[in-house]
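Visitor: Below you'll find the structure I mean.
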Amino acid sequence: MQTFCRLYEQLDCTTATGGRVRLLTAYFAAAAPVDAAWALHCLLGRQRRRLITGRRLREICLEGCGLPAWLVDDCHAQVGDSAETVALLWNRQRPDPTASRAALPLHVWMEQILPPLATVARGDQGEGPSQAAAVHDLWCELAPAELLVVNKLLTGGFRVGVGPGLVLQALAAFSGLEVSLLQHRLMGGFVPSSMAWRDLLAPAGAGGSAASSPYPFFLASPLPSPAAGGAPLPGSPDGWLVEWKWDGIRGQLIHRAGQTFLWSRGEELINPAFPELVAAAAAHLPAGTVLDGEVLVWPAGATQPAPFHQLQRRLGRKAPGARLLADCPAVFVAYDLLEMDGDDWRERPLGQRRAGLEALLPAAAAETTDGPGCRLRLSPALALAFWDDLECLRRQAAAAGAEGLMLKDLGSPYRAGRRRGSWWKHKREPHTLDAVLLYAQAGSGRRANLYTDYTFGLWDGDPAADGGPQLVPFAKAYSGLDDGEIRELDRWIRRHTRERFGPVRAVEPLQVFELAFEGLQPSSRHRSGIAVRFPRIARWRRDKPAAEADSLASARALLEVSPDAG
């Protein structure tokens, strides 16, 4: 553990990319295989299991540090991270470490020391050793840097500012393998162990990935605005595949070695939630097939998929019942063929992959009994003769139940991650409403001292009625302002606070912001009766008084035409 903590401290103090890669490479070269596997697991951001909540960690600190609760709360508000707050407060009076368990290997901590802390009784009734006592004993053995890392691992918030790309660069430098091969081997779940580490670093062509392993997903970039009078992309539309950008769950459908797997882009195996898709793939896809596509809810006979909130009803279900399967039937709309007959097709040009997909799916569809409503569908190619017609086509996306358009170079291979130039997304314009800032709350991390989380309201009620219209909370938004605007708004919030509710400040309803969002849907859980999808701040409307902000009636009018309304 001590070596891993030193690596964390060195990475945190190093800003140069090359320096960080060298530090990681040296660690991987020196670490035992099982420790290197656990370090990789954490550095890639996969150690997200929360053993103890941040709030509980602060309570445990409060029980043993002798400080008043208000001081601990204020310190947390300033620091913004529970693990770091506790490390700083506990270190003020830390006993000298003796016989520290920090000398034990990293894998012992991850497998034997930390997990039991989550299951120790809190000891509120005086029965046996308490969780607080066990944590206190552990803390008293640790140096400051070790205490910080251990706390971050306990809360599931381990981050050191090193992205997966840098970690994979270091791993490639150490192993001599291509980054793309390492990415593929890590897909589908990496369970840290000595054997997993050896399999990951096996020479290219030796062994191979498990039958269940998906490929790294290729991601599109937002289409840049073309220069005045220019084409948005090089060449003519004939060299590009144009499709709808579907509003579902991105996934890979795999049929290998007599088994079928459906993976989400978040590397979650979602077979239990969509048994009909797994069954369709098992019955109709040849062995050694991997499809990339979108999971959607699409009722039989409908001309477009159901709104996204219908798909949400299926997510996370371990055994969806017959009623849910009937009300929200799922389909897999495929738009790429990544593997055929066990051969990796990713380096083949998209035009060839698309032709293979077109030949594959009609055969599968013909064998199903659902006819036009078959579970496995081909994403249609859209006709586009001239670039000048692109905007007109994009405006038809809402009527098709899509978010916008996808444009893909027919000569491009299937890459990994977000690589500009080959795949572009051209989403339809978002809906917008002008709303009034009502509440603000401080952020976390580097923005812990700034109010960055905002709640906005719309007017509701008849202006002629007694009391006039009232502002009703409508949406929360956390993004859209630049750093200068955030600092300016933070100063304004502090000067115009009317009330405080714990960490939340109610402010004078004076500031108007234009909110952009993807869609609306009815919701009984929200006071406004409306749930907002992907809200963000489009601009600060300094030119508009609060009285001229939009009303809930305007939102309800959008609700009637929103594709998410259902």
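If you're wondering about the labels, chains in the structure tokens are A, B, ... by order shown, residues count from 1 in each chain, ligands from 1 in order shown.
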Write out as an MDAnalysis selection string which residues come within 10 Å of segment 547-559 of chain A when counting only C-alpha atoms, dropping same-chain ones fewer than 3 positions away.

Guide: chainID A and resid 431:436 457:461 469:474 509:514 519:522 528:532 541 544 562:566

Visitor: Could you find all residues in segment 217-465 of chain A that DSSP calls strand (DSSP E) from the backbone, and write them as a PyMOL selection string?

Guide: chain A and resi 218-219+221-222+240-246+249-256+259-264+289-297+330-340+343-344+376-378+402-409+417-418+423-427+431-442+451-460

Visitor: In Å, rounded to a single decimal, give me how far atom CA of Trp423 of chain A is from atom CA of Gln352 of chain A.

Guide: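 About the pair atom CA of Gln352 of chain A and atom CA of Trp423 of chain A: they are 15.9 Å apart.
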
Visitor: Each residue of segment 135-252 of chain A lying at most 10 Å from segment 376-395 of chain A should get a row with its shortest atom-to-atom pair and the distance in Å to one decimal, counting only C-alpha atoms; could you produce that, ordered by chain and increasing number, as a tab-separated table?

Guide:
```
residue	atom	partner	partner_atom	distance
A:Gly229	CA	A:Asp388	CA	9.5
A:Gly230	CA	A:Trp387	CA	9.1
A:Ala231	CA	A:Trp387	CA	6.3
A:Pro232	CA	A:Trp387	CA	7.4
A:Leu233	CA	A:Trp387	CA	8.5
A:Gly235	CA	A:Trp387	CA	9.8
A:Ser236	CA	A:Phe386	CA	7.4
A:Pro237	CA	A:Ala385	CA	6.2
A:Asp238	CA	A:Ala385	CA	7.3
A:Trp240	CA	A:Leu384	CA	9.1
A:Leu241	CA	A:Ala381	CA	6.5
A:Val242	CA	A:Leu382	CA	5.3
A:Glu243	CA	A:Ala381	CA	5.2
A:Trp244	CA	A:Ser379	CA	7.7
A:Lys245	CA	A:Ser379	CA	9.5
A:Trp246	CA	A:Ser379	CA	9.1
```

Visitor: Within 9 Å of Ala273 of chain A, counting only C-alpha atoms, which residues qualify if same-chain residues fewer than 6 places away don't, as JSON, numbers by chain?

Guide: {"A": [314, 315, 316, 317, 318, 319, 320]}
